[in-house]
$ cat input_25.txt   # compact mmCIF, C-alpha atoms
# COMPACT_ATOMS: atom_id res chain seq x y z
CA MET A 1 -19.39 9.62 -12.24
CA ASN A 2 -18.80 6.36 -10.39
CA GLU A 3 -15.56 5.65 -8.54
CA TYR A 4 -14.29 2.09 -8.11
CA ALA A 5 -11.46 0.24 -6.41
CA VAL A 6 -10.29 -2.67 -8.55
CA THR A 7 -7.95 -5.24 -7.02
CA VAL A 8 -6.07 -7.92 -8.90
CA ILE A 9 -4.03 -10.59 -7.11
CA GLY A 10 -2.53 -13.87 -8.19
CA HIS A 11 0.39 -15.53 -9.92
CA ASP A 12 2.58 -12.99 -11.72
CA ARG A 13 3.00 -13.06 -15.49
CA PRO A 14 3.88 -10.46 -18.11
CA GLY A 15 0.96 -8.37 -19.35
CA ILE A 16 -1.38 -8.27 -16.35
CA ILE A 17 -1.23 -4.49 -16.03
CA ALA A 18 -1.71 -4.03 -19.78
CA ASP A 19 -4.67 -6.44 -19.84
CA VAL A 20 -6.45 -4.75 -16.94
CA ALA A 21 -5.69 -1.18 -18.07
CA GLU A 22 -6.89 -1.87 -21.62
CA ILE A 23 -10.18 -3.36 -20.42
CA LEU A 24 -10.81 -0.44 -18.07
CA ALA A 25 -9.96 2.09 -20.81
CA ARG A 26 -12.37 0.37 -23.24
CA LEU A 27 -15.08 0.79 -20.60
CA GLY A 28 -14.31 4.51 -20.35
CA LEU A 29 -12.76 4.29 -16.90
CA ASN A 30 -9.99 6.75 -16.04
CA LEU A 31 -7.28 5.51 -13.64
CA THR A 32 -6.73 8.05 -10.87
CA ASP A 33 -4.58 6.17 -8.32
CA SER A 34 -2.79 2.85 -8.46
CA THR A 35 -0.24 0.68 -6.77
CA MET A 36 1.30 -2.60 -7.89
CA THR A 37 3.91 -4.94 -6.55
CA ARG A 38 5.27 -8.44 -6.87
CA LEU A 39 5.50 -10.49 -3.72
CA ARG A 40 7.54 -13.69 -4.12
CA GLY A 41 6.15 -14.37 -7.57
CA HIS A 42 2.66 -13.17 -6.74
CA PHE A 43 1.16 -10.06 -8.28
CA ALA A 44 -0.89 -7.54 -6.29
CA MET A 45 -2.46 -4.40 -7.72
CA THR A 46 -5.09 -1.92 -6.59
CA LEU A 47 -6.48 0.68 -8.95
CA VAL A 48 -8.90 3.49 -8.27
CA CYS A 49 -10.77 4.52 -11.39
CA VAL A 50 -13.62 6.80 -12.36
CA GLY A 51 -16.20 6.35 -15.10
CA PRO A 52 -19.77 5.66 -16.10
CA PRO A 53 -20.12 1.84 -16.08
CA ALA A 54 -21.75 -0.14 -13.29
CA ALA A 55 -19.62 -2.44 -11.12
CA GLU A 56 -21.26 -5.52 -12.68
CA GLU A 57 -20.18 -4.39 -16.16
CA ILE A 58 -16.59 -3.96 -14.99
CA GLU A 59 -16.59 -7.37 -13.28
CA SER A 60 -17.97 -8.99 -16.42
CA ALA A 61 -15.35 -7.36 -18.65
CA LEU A 62 -12.51 -8.45 -16.33
CA GLU A 63 -13.85 -12.00 -15.88
CA PRO A 64 -11.82 -13.53 -18.75
CA LEU A 65 -8.64 -12.66 -16.83
CA THR A 66 -9.72 -15.03 -14.06
CA ASP A 67 -10.72 -17.99 -16.28
CA ASP A 68 -7.50 -19.95 -15.76
CA GLY A 69 -7.71 -19.58 -11.97
CA THR A 70 -4.40 -17.75 -11.56
CA LEU A 71 -5.90 -14.31 -10.86
CA LEU A 72 -8.59 -13.02 -8.53
CA VAL A 73 -10.24 -9.72 -9.47
CA THR A 74 -12.58 -7.69 -7.27
CA VAL A 75 -14.45 -4.47 -8.02
CA ARG A 76 -15.84 -2.32 -5.24
CA ARG A 77 -17.67 0.97 -5.53
CA VAL A 78 -15.89 3.70 -3.59
CA VAL A 79 -18.21 6.03 -1.72
CA GLU A 80 -17.37 9.54 -0.66
CA GLU A 81 -15.77 9.33 2.76
CA PRO A 82 -13.91 11.82 4.90
CA THR A 83 -10.23 11.62 4.10
CA TYR A 84 -7.32 11.86 6.48
CA GLU A 85 -5.60 15.16 5.84
CA ALA A 86 -1.99 15.36 6.94
CA THR A 87 -1.35 18.58 8.86
CA GLY A 88 2.08 17.84 10.28
CA SER A 89 5.30 16.50 8.85
CA HIS A 90 6.30 13.59 6.68
CA HIS A 91 8.84 11.05 7.92
CA VAL A 92 10.42 7.82 6.80
CA LEU A 93 10.84 4.82 9.10
CA THR A 94 13.41 2.24 8.04
CA VAL A 95 13.97 -1.00 9.89
CA HIS A 96 16.40 -3.81 9.23
CA GLY A 97 17.55 -6.89 11.06
CA ALA A 98 16.93 -10.57 11.45
CA ASP A 99 13.43 -11.66 10.53
CA ARG A 100 11.22 -12.23 13.55
CA LEU A 101 7.56 -12.29 14.36
CA GLY A 102 5.87 -9.00 15.21
CA ILE A 103 8.16 -6.37 13.66
CA VAL A 104 5.47 -4.65 11.60
CA ALA A 105 2.82 -5.15 14.30
CA SER A 106 4.92 -3.57 17.05
CA LEU A 107 6.27 -0.62 15.09
CA SER A 108 2.96 0.21 13.39
CA ARG A 109 1.21 0.11 16.79
CA THR A 110 3.81 2.51 18.21
CA LEU A 111 3.12 4.89 15.31
CA ALA A 112 -0.67 4.55 15.56
CA GLU A 113 -0.73 5.20 19.31
CA ALA A 114 1.15 8.45 18.72
CA GLY A 115 -1.30 9.44 15.97
CA GLY A 116 1.07 8.74 13.07
CA ASN A 117 -0.47 7.52 9.83
CA ILE A 118 1.46 5.12 7.57
CA THR A 119 0.86 6.24 3.98
CA ASP A 120 3.13 3.70 2.28
CA LEU A 121 4.70 0.50 3.58
CA THR A 122 7.11 -1.93 1.96
CA THR A 123 8.63 -5.00 3.57
CA ARG A 124 11.13 -7.36 2.04
CA LEU A 125 12.76 -10.55 3.24
CA ALA A 126 16.19 -11.12 1.68
CA GLY A 127 17.60 -14.33 3.11
CA GLN A 128 17.62 -13.75 6.85
CA LEU A 129 17.53 -9.93 6.55
CA TYR A 130 14.13 -8.29 7.00
CA VAL A 131 13.72 -4.71 5.75
CA VAL A 132 10.83 -2.32 6.35
CA VAL A 133 10.41 1.11 4.77
CA ALA A 134 7.38 3.16 5.78
CA GLU A 135 6.33 6.68 4.86
CA VAL A 136 4.56 8.27 7.82
CA ASP A 137 2.51 11.43 8.31
CA VAL A 138 3.02 12.81 11.83
CA PRO A 139 0.51 15.35 13.21
CA GLU A 140 1.85 18.70 14.43
CA ARG A 141 0.82 17.92 18.02
CA VAL A 142 3.18 14.91 18.19
CA ASP A 143 6.65 15.24 19.71
CA VAL A 144 8.64 13.80 16.80
CA GLU A 145 11.78 13.23 18.87
CA ALA A 146 9.84 11.26 21.49
CA LEU A 147 8.15 9.23 18.75
CA GLY A 148 11.52 8.46 17.16
CA ALA A 149 12.86 7.34 20.53
CA ALA A 150 9.80 5.13 21.10
CA LEU A 151 10.30 3.52 17.66
CA VAL A 152 13.99 2.87 18.32
CA ALA A 153 13.13 1.34 21.73
CA ALA A 154 10.46 -0.89 20.18
CA ALA A 155 12.92 -1.99 17.49
CA GLU A 156 15.58 -2.77 20.11
CA ARG A 157 13.12 -4.99 21.99
CA LEU A 158 12.70 -6.92 18.73
CA GLY A 159 16.43 -7.11 18.08
CA VAL A 160 16.32 -4.95 14.92
CA GLU A 161 17.56 -1.47 14.08
CA ALA A 162 15.26 1.44 13.22
CA THR A 163 15.76 4.97 11.99
CA PHE A 164 13.07 7.64 11.86
CA ARG A 165 13.87 10.76 9.87
CA PRO A 166 12.13 13.62 8.12
CA ALA A 167 11.25 12.79 4.52
CA GLU A 168 12.85 14.86 1.83
CA ALA A 169 10.01 16.43 -0.13
CA ASP A 170 11.67 15.90 -3.51
CA LEU A 171 11.88 12.14 -2.85
CA LEU A 172 8.15 11.62 -2.14
$ encode --input "input_25.txt" --output "structure tokens"
Amino acid sequence: MNEYAVTVIGHDRPGIIADVAEILARLGLNLTDSTMTRLRGHFAMTLVCVGPPAAEEIESALEPLTDDGTLLVTVRRVVEEPTYEATGSHHVLTVHGADRLGIVASLSRTLAEAGGNITDLTTRLAGQLYVVVAEVDVPERVDVEALGAALVAAAERLGVEATFRPAEADLL
């Protein structure tokens, strides 16, 4: 079986998910993983699907969705690659404060340098308030308290507040 990553971005409107999912189902593609969000009126979705058709057939079937120029669709074959396996603990980083340049860059770099892997990230600007919520896998070898302190220090340098706490398994 072939595995594909299908991305759809563009101006939001009702029915995009239904349109894409129906086309993929007609082609015999099974959706295995997906994420979708709206960003200030723009739609962004990534789907991973498995099935027999070639990438060109999928692109051709999805092409009518792009005819009016409001959506961009890409199809990419996914090849077997080693996956990152979390062997430590799961945490949640939350950040809030005035919007300023470099919040995500600084905090994600702090996590990466410690070996933490962000598995989900959401940011939202509400007026002047900027909010970040990140799910993070932290390897066993990492001193979680020291990492939390480093994140709080990085946030303070940016003039925002950060909390880093263990994730509750029933919430993930």
$ closest_residue --input "input_25.txt" --among "A:Glu113, A:Glu156, A:Glu161, A:Asp33" --to "A:Leu129" --atoms "all atoms listed in the file"
A:Glu161
$ residues_around --input "input_25.txt" --residues "A:Asn2" --least-positions-apart "5" --cutoff "10 Å" --atoms "only C-alpha atoms" --output "JSON, numbers by chain"
{"A": [29, 49, 50, 51, 52, 53, 54, 55, 77, 78, 79]}
$ closest_residue --input "input_25.txt" --among "A:His11, A:Arg124, A:Arg109, A:Arg157" --to "A:Thr94" --atoms "only C-alpha atoms"
A:Arg124
$ residues_around --input "input_25.txt" --residues "stretch 68-75 of chain A" --least-positions-apart "3" --cutoff "6 Å" --atoms "all atoms listed in the file" --output "list of chain:residue names"
A:Ala5, A:Val6, A:Thr7, A:Val8, A:Ile9, A:Gly10, A:His11
$ residues_around --input "input_25.txt" --residues "A:Ala112" --least-positions-apart "2" --cutoff "12 Å" --atoms "all atoms listed in the file" --output "NGL selection string"
:A and (104-110 or 114-119 or 136-139 or 142 or 147 or 150-151)
$ closest_residue --input "input_25.txt" --among "A:Val92, A:Ile23, A:Ala167, A:Leu47" --to "A:Arg76" --atoms "all atoms listed in the file"
A:Leu47
$ atom_distance --input "input_25.txt" --atom1 "atom CA of A:Ala149" --atom2 "atom CA of A:Phe164"
8.7 Å
$ atom_distance --input "input_25.txt" --atom1 "atom CA of A:Asp120" --atom2 "atom CA of A:Gly159"
23.3 Å
$ atom_distance --input "input_25.txt" --atom1 "atom CA of A:Tyr4" --atom2 "atom CA of A:Ile16"
18.5 Å
